Amino acid sequence: EVNARGPAVLCAALRDAAPAARLVHLGSAAEYGPGAPDAPVTESAPTSPVGPYGATKLAGTAAVTAAGLDAVVLRVGNPVGPGAPAASLPGRITGMLREAGPDAAAVLRLGDLSAYRDFVDVRDVARAVVLAATVPGPLPPVLNIGGGRAVPVRELVHALAGRAGFRGRVEESTTGSVRSAKVSWQCSDISAAGRALGWRPAHTLDDALTALWESDGIR
């Protein structure tokens, strides 16, 4: 309801109340669906989401781009950094590491971590939003906002464990979420955002994980 109908309702309200306002809508790389290894997807790539989240986000994007407003959709990769929601993988891992503490006998039992994802620091996402809201002139209807490289999810988990001083072990199952199984590789081409907004990521994944642990991991 929020992902699909919400943007349509907002666009209708904007047409009545502030038709000249620019709308910056946050979409998701999940709208693209499965990617091909070593082939970052551009904004013109076909969309083929594999689950309800990607499908409803795509519906929201369709509502925004068809609204006839001064609007841009930022298709965001996998955000990571301070304030990560507990339901997200980085937030969930942070919580598990905090609970485990220095216990050498602790075990993190996780699903399949072999998928590749395009992680982007949430602070870079925020900067992209500010630029998209303030840059003069019309913008392309959709812009990819990501880190620009595919990173194994396993790498993120072990890097975060290292920052936590985790002394236990990580047990990885051969099964995981349906989306991870169907979307084993995902990476966005972010060159269009560079041309339109003068934007590129300023933070590395290491920066994002350090900020995540220092802000959310220490209690």
# chains A, B, ... in the order shown; residues from 1 in each chain; ligands from 1
>>> closest_atom_pairs(of="segment 153-190 of chain A", to="segment 113-128 of chain A", cutoff="7 Å", atoms="only C-alpha atoms", output="CSV")
residue,atom,partner,partner_atom,distance
A:Val153,CA,A:Leu113,CA,5.3
A:Arg154,CA,A:Leu113,CA,4.9
A:Glu172,CA,A:Leu113,CA,6.9
A:Ser180,CA,A:Ala115,CA,6.2
A:Ser184,CA,A:Ala115,CA,4.4
A:Trp185,CA,A:Tyr116,CA,4.6
A:Gln186,CA,A:Arg117,CA,5.1
A:Cys187,CA,A:Asp118,CA,5.0
A:Ser188,CA,A:Asp118,CA,6.9
>>> residues_around(residues="segment 58-69 of chain A", least_positions_apart="5", cutoff="7 Å", atoms="only C-alpha atoms", output="PyMOL selection string")
chain A and resi 3-5+7-8+11+19+27+31+141
>>> select_by_dssp(residues="segment 91-217 of chain A", states="strand (DSSP E or B)", output="PDB file with N, CA, C and O atoms, in the first residue's frame")
ATOM      1  N   VAL A 107      27.849 -18.127  18.329  1.00  0.00           N
ATOM      2  CA  VAL A 107      27.680 -18.565  16.941  1.00  0.00           C
ATOM      3  C   VAL A 107      26.645 -17.669  16.268  1.00  0.00           C
ATOM      4  O   VAL A 107      25.546 -17.480  16.795  1.00  0.00           O
ATOM      5  N   LEU A 108      26.999 -17.124  15.119  1.00  0.00           N
ATOM      6  CA  LEU A 108      26.030 -16.393  14.293  1.00  0.00           C
ATOM      7  C   LEU A 108      25.521 -17.355  13.232  1.00  0.00           C
ATOM      8  O   LEU A 108      26.287 -17.776  12.355  1.00  0.00           O
ATOM      9  N   ARG A 109      24.262 -17.724  13.308  1.00  0.00           N
ATOM     10  CA  ARG A 109      23.677 -18.653  12.338  1.00  0.00           C
ATOM     11  C   ARG A 109      22.929 -17.840  11.289  1.00  0.00           C
ATOM     12  O   ARG A 109      21.918 -17.207  11.589  1.00  0.00           O
ATOM     13  N   LEU A 110      23.457 -17.869  10.076  1.00  0.00           N
ATOM     14  CA  LEU A 110      22.930 -17.036   9.002  1.00  0.00           C
ATOM     15  C   LEU A 110      22.604 -17.890   7.787  1.00  0.00           C
ATOM     16  O   LEU A 110      23.021 -19.045   7.680  1.00  0.00           O
ATOM     17  N   TYR A 116      25.811 -11.301  -4.323  1.00  0.00           N
ATOM     18  CA  TYR A 116      26.543 -10.043  -4.479  1.00  0.00           C
ATOM     19  C   TYR A 116      25.538  -8.898  -4.492  1.00  0.00           C
ATOM     20  O   TYR A 116      24.505  -8.975  -5.163  1.00  0.00           O
ATOM     21  N   ARG A 117      25.855  -7.832  -3.759  1.00  0.00           N
ATOM     22  CA  ARG A 117      24.969  -6.680  -3.689  1.00  0.00           C
ATOM     23  C   ARG A 117      25.764  -5.385  -3.870  1.00  0.00           C
ATOM     24  O   ARG A 117      26.968  -5.330  -3.613  1.00  0.00           O
ATOM     25  N   PHE A 119      26.279  -2.103  -2.334  1.00  0.00           N
ATOM     26  CA  PHE A 119      26.068  -1.376  -1.086  1.00  0.00           C
ATOM     27  C   PHE A 119      26.447   0.093  -1.264  1.00  0.00           C
ATOM     28  O   PHE A 119      27.440   0.414  -1.920  1.00  0.00           O
ATOM     29  N   VAL A 120      25.661   0.977  -0.659  1.00  0.00           N
ATOM     30  CA  VAL A 120      25.926   2.413  -0.740  1.00  0.00           C
ATOM     31  C   VAL A 120      25.729   3.021   0.643  1.00  0.00           C
ATOM     32  O   VAL A 120      24.773   2.695   1.346  1.00  0.00           O
ATOM     33  N   ASP A 121      26.648   3.897   1.029  1.00  0.00           N
ATOM     34  CA  ASP A 121      26.561   4.555   2.328  1.00  0.00           C
ATOM     35  C   ASP A 121      25.319   5.440   2.370  1.00  0.00           C
ATOM     36  O   ASP A 121      25.053   6.205   1.441  1.00  0.00           O
ATOM     37  N   VAL A 142      14.674   8.651 -14.032  1.00  0.00           N
ATOM     38  CA  VAL A 142      15.221   7.666 -13.095  1.00  0.00           C
ATOM     39  C   VAL A 142      16.739   7.789 -13.065  1.00  0.00           C
ATOM     40  O   VAL A 142      17.381   7.920 -14.113  1.00  0.00           O
ATOM     41  N   LEU A 143      17.317   7.742 -11.866  1.00  0.00           N
ATOM     42  CA  LEU A 143      18.769   7.749 -11.698  1.00  0.00           C
ATOM     43  C   LEU A 143      19.165   6.676 -10.683  1.00  0.00           C
ATOM     44  O   LEU A 143      18.563   6.578  -9.611  1.00  0.00           O
ATOM     45  N   ASN A 144      20.169   5.903 -11.028  1.00  0.00           N
ATOM     46  CA  ASN A 144      20.687   4.897 -10.098  1.00  0.00           C
ATOM     47  C   ASN A 144      21.591   5.545  -9.053  1.00  0.00           C
ATOM     48  O   ASN A 144      22.461   6.364  -9.393  1.00  0.00           O
ATOM     49  N   ILE A 145      21.394   5.167  -7.802  1.00  0.00           N
ATOM     50  CA  ILE A 145      22.240   5.626  -6.708  1.00  0.00           C
ATOM     51  C   ILE A 145      22.759   4.391  -5.975  1.00  0.00           C
ATOM     52  O   ILE A 145      22.000   3.694  -5.294  1.00  0.00           O
ATOM     53  N   VAL A 151      29.491  -6.455  -4.251  1.00  0.00           N
ATOM     54  CA  VAL A 151      30.271  -6.946  -3.109  1.00  0.00           C
ATOM     55  C   VAL A 151      29.587  -8.197  -2.556  1.00  0.00           C
ATOM     56  O   VAL A 151      28.365  -8.196  -2.364  1.00  0.00           O
ATOM     57  N   PRO A 152      30.340  -9.250  -2.279  1.00  0.00           N
ATOM     58  CA  PRO A 152      29.715 -10.429  -1.654  1.00  0.00           C
ATOM     59  C   PRO A 152      29.125 -10.075  -0.291  1.00  0.00           C
ATOM     60  O   PRO A 152      29.768  -9.394   0.510  1.00  0.00           O
ATOM     61  N   ARG A 169      32.084 -17.774  15.902  1.00  0.00           N
ATOM     62  CA  ARG A 169      32.142 -18.238  14.516  1.00  0.00           C
ATOM     63  C   ARG A 169      30.836 -17.934  13.798  1.00  0.00           C
ATOM     64  O   ARG A 169      29.774 -17.785  14.422  1.00  0.00           O
ATOM     65  N   VAL A 170      30.929 -17.830  12.486  1.00  0.00           N
ATOM     66  CA  VAL A 170      29.770 -17.588  11.630  1.00  0.00           C
ATOM     67  C   VAL A 170      29.407 -18.896  10.948  1.00  0.00           C
ATOM     68  O   VAL A 170      30.251 -19.508  10.269  1.00  0.00           O
ATOM     69  N   GLU A 171      28.182 -19.349  11.130  1.00  0.00           N
ATOM     70  CA  GLU A 171      27.695 -20.553  10.453  1.00  0.00           C
ATOM     71  C   GLU A 171      26.757 -20.128   9.339  1.00  0.00           C
ATOM     72  O   GLU A 171      25.755 -19.453   9.580  1.00  0.00           O
ATOM     73  N   GLU A 172      27.094 -20.535   8.147  1.00  0.00           N
ATOM     74  CA  GLU A 172      26.341 -20.115   6.963  1.00  0.00           C
ATOM     75  C   GLU A 172      25.554 -21.293   6.408  1.00  0.00           C
ATOM     76  O   GLU A 172      26.123 -22.331   6.074  1.00  0.00           O
ATOM     77  N   TRP A 185      23.227 -11.722  -8.062  1.00  0.00           N
ATOM     78  CA  TRP A 185      24.198 -10.672  -8.405  1.00  0.00           C
ATOM     79  C   TRP A 185      23.440  -9.397  -8.769  1.00  0.00           C
ATOM     80  O   TRP A 185      22.514  -9.425  -9.565  1.00  0.00           O
ATOM     81  N   SER A 188      24.587  -1.599  -9.902  1.00  0.00           N
ATOM     82  CA  SER A 188      24.023  -0.522 -10.715  1.00  0.00           C
ATOM     83  C   SER A 188      25.116   0.309 -11.374  1.00  0.00           C
ATOM     84  O   SER A 188      26.156   0.589 -10.766  1.00  0.00           O
TER      85      SER A 188
END
>>> atom_distance(atom1="atom CA of Arg163 of chain A", atom2="atom CA of Leu97 of chain A")
9.8 Å
>>> residues_around(residues="Tyr32 of chain A", least_positions_apart="3", cutoff="9 Å", atoms="only C-alpha atoms", output="ChimeraX atom specification")
/A:28-29,35,41,45-50,54,58,186
>>> atom_distance(atom1="atom CA of His203 of chain A", atom2="atom CA of Ala100 of chain A")
27.9 Å
>>> residues_around(residues="Met96 of chain A", least_positions_apart="6", cutoff="12 Å", atoms="only C-alpha atoms", output="short mmCIF file (atom, residue, chain, number, x, y, z; two decimals) with C-alpha atoms, in the first residue's frame")
data_model
loop_
_atom_site.label_atom_id
_atom_site.label_comp_id
_atom_site.auth_asym_id
_atom_site.auth_seq_id
_atom_site.Cartn_x
_atom_site.Cartn_y
_atom_site.Cartn_z
CA ALA A 86 16.90 -3.75 12.53
CA ALA A 87 15.08 -5.57 9.72
CA LEU A 89 20.82 -7.31 6.95
CA PRO A 90 23.41 -4.80 8.28
CA PRO A 102 33.24 -11.05 23.32
CA ALA A 106 29.05 -17.43 20.28
CA VAL A 107 27.68 -18.57 16.94
CA LEU A 108 26.03 -16.39 14.29
CA ARG A 109 23.68 -18.65 12.34
CA LEU A 110 22.93 -17.04 9.00
CA VAL A 157 29.23 -9.78 7.41
CA LEU A 160 31.30 -5.98 10.42
CA ALA A 161 32.25 -8.89 12.70
CA ALA A 164 32.83 -5.71 16.57
CA PHE A 166 33.67 -10.87 17.35
CA GLY A 168 32.94 -16.61 17.83
CA VAL A 170 29.77 -17.59 11.63
CA TRP A 213 29.17 -0.05 14.29
CA ASP A 216 24.63 1.57 16.51
CA GLY A 217 26.89 -1.23 17.69
#
>>> atom_distance(atom1="atom CA of Ser44 of chain A", atom2="atom CA of Arg200 of chain A")
19.4 Å
>>> select_by_dssp(residues="segment 110-158 of chain A", states="alpha helix (DSSP H)", output="PyMOL selection string")
chain A and resi 122-134+153-158
